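The structure under discussion appears below in the form of structure tokens.
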Amino acid sequence: MPGIGFRAARGGGATAQFSAAEAVLLRGLVSQITELIDDGLPQPGADGGAGPATGLADLTDPAAAAQAAGPAAPDTGPPPTPEATEAAIEEMLGLSSSSRKPDDPILARLFPDGYSDDDQASGEFRRYTERGLRSGKMAAAQTVLDTLPEAGGRVQLTGEQAQAWLRALNDIRLALGVQLEVSEDMRAMQERAAQGGPQAAGFWIYDWLSVLQESLVHALW
């Protein structure tokens with residue numbers, strides 16, 4: 001049986017009690033979504049990406065500027081090609097190297113086109129936003145994993161953590177909805193769920209996630 005969901009916490013945020021089975025189920029779903037979203041997402045500091053911040057030197061001081069710059073780089077050969085330069089700029093600005101809608105139907109649902117009637121504008125929108133959206137969804141999923149004990153128990157969320165839970169729960173429901181081909185025809189969905197089998201369990205989980213998300217919304221507002 002699913003838990004009663006979230007309740008408003010004294011002083012702000014939300015709290016809920018999860019059984020061990022519920023915790024295992026939810027953590028498993030979140031982990032699957034994380035793996036799917038993480039596919040192709042460059043990691044910070046990898047392949048010359050941005051590493052941890054070390055602070056800025058006073059570049060108005062020539063000595064400090066020279067020290068910050070470090071020793072002169074050795075001559076390693078010809079200058080980078082325009083393609084390599086463009087890739088480096090995309091990495092620095094956090095742009096996606098792809099402007100095409102994902103082939104995976106779940107990823108396509110999680111990252112829909114920004115403009116349904118303009119492929120070029122939609123591609124540019126995706127190039128500038130998808131990488132940041134992927135990172136945000138990964139961070140929300142990680143918040144759930146960090147705050148939900150593996151063996152179940154009480155979850156106490158701050159307002160910020162609760163917002164992350166809402167986003168993560170929504171992503172799981174969207175992904176599960178694609179797999180179950182959820183539609184607005186509730187009678188058809190109930191008939192499919194009544195047929196039993198793996199899909200019946202999927203509909204039960206989908207309903208539980210919906211109740212959980214709705215209870216969290218009510219706890220916050």
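Ordering of the structure tokens sets the chain letters (A, B, ...), residue numbers begin anew at 1 in every chain, and ligands are numbered from 1 in the order given.
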Practice item. Please provide as a ChimeraX atom specification all residues within 9 Å of Leu180 in chain A, with the sequence filter that same-chain residues fewer than 3 positions apart are discarded (counting only C-alpha atoms). Key: /A:175-177,183,199,202-203
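DSSP on the backbone gives strand (DSSP E) for these parts of range 121-182 of chain A: Gly153, Arg154, Val155, Gln156 and Leu157 of chain A.
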All heavy atoms of the current selection, written as an mmCIF file, in the first residue's frame:
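out10.cif, written as the output of this step:
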```
data_model
loop_
_atom_site.group_PDB
_atom_site.id
_atom_site.type_symbol
_atom_site.label_atom_id
_atom_site.label_comp_id
_atom_site.auth_asym_id
_atom_site.auth_seq_id
_atom_site.Cartn_x
_atom_site.Cartn_y
_atom_site.Cartn_z
ATOM 1 N N GLY A 153 11.819 5.242 5.655
ATOM 2 C CA GLY A 153 11.833 6.061 6.854
ATOM 3 C C GLY A 153 11.297 7.448 6.562
ATOM 4 O O GLY A 153 10.693 7.695 5.513
ATOM 5 N N ARG A 154 11.524 8.354 7.498
ATOM 6 C CA ARG A 154 10.993 9.712 7.356
ATOM 7 C C ARG A 154 11.891 10.547 6.461
ATOM 8 O O ARG A 154 13.116 10.519 6.576
ATOM 9 C CB ARG A 154 10.859 10.381 8.725
ATOM 10 C CG ARG A 154 10.310 11.813 8.646
ATOM 11 C CD ARG A 154 9.753 12.244 9.966
ATOM 12 N NE ARG A 154 8.595 11.430 10.342
ATOM 13 C CZ ARG A 154 7.365 11.618 9.833
ATOM 14 N NH1 ARG A 154 7.141 12.576 8.959
ATOM 15 N NH2 ARG A 154 6.371 10.847 10.232
ATOM 16 N N VAL A 155 11.246 11.286 5.568
ATOM 17 C CA VAL A 155 11.929 12.239 4.696
ATOM 18 C C VAL A 155 11.517 13.643 5.110
ATOM 19 O O VAL A 155 10.321 13.938 5.186
ATOM 20 C CB VAL A 155 11.565 11.990 3.219
ATOM 21 C CG1 VAL A 155 12.105 13.105 2.340
ATOM 22 C CG2 VAL A 155 12.111 10.657 2.756
ATOM 23 N N GLN A 156 12.485 14.469 5.391
ATOM 24 C CA GLN A 156 12.236 15.854 5.788
ATOM 25 C C GLN A 156 12.890 16.748 4.747
ATOM 26 O O GLN A 156 14.110 16.725 4.573
ATOM 27 C CB GLN A 156 12.836 16.128 7.180
ATOM 28 C CG GLN A 156 12.537 17.508 7.734
ATOM 29 C CD GLN A 156 11.158 17.580 8.389
ATOM 30 O OE1 GLN A 156 10.689 16.593 8.958
ATOM 31 N NE2 GLN A 156 10.526 18.732 8.310
ATOM 32 N N LEU A 157 12.086 17.536 4.047
ATOM 33 C CA LEU A 157 12.583 18.347 2.943
ATOM 34 C C LEU A 157 12.473 19.833 3.240
ATOM 35 O O LEU A 157 11.473 20.289 3.797
ATOM 36 C CB LEU A 157 11.795 18.050 1.662
ATOM 37 C CG LEU A 157 11.744 16.603 1.171
ATOM 38 C CD1 LEU A 157 10.851 16.508 -0.055
ATOM 39 C CD2 LEU A 157 13.145 16.068 0.873
#
```
Check your understanding: When distances are computed from only C-alpha atoms, which of A:Gln179, A:Thr143, A:Ser122, A:Ser215 shows the smallest separation from Glu160 in chain A?
Key ->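 The closest residue to Glu160 in chain A is A:Thr143.
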Review point. Please, what distance in Å, to one decimal, runs between CA of Glu214 in chain A and CA of Arg131 in chain A?
Key: 28.1 Å
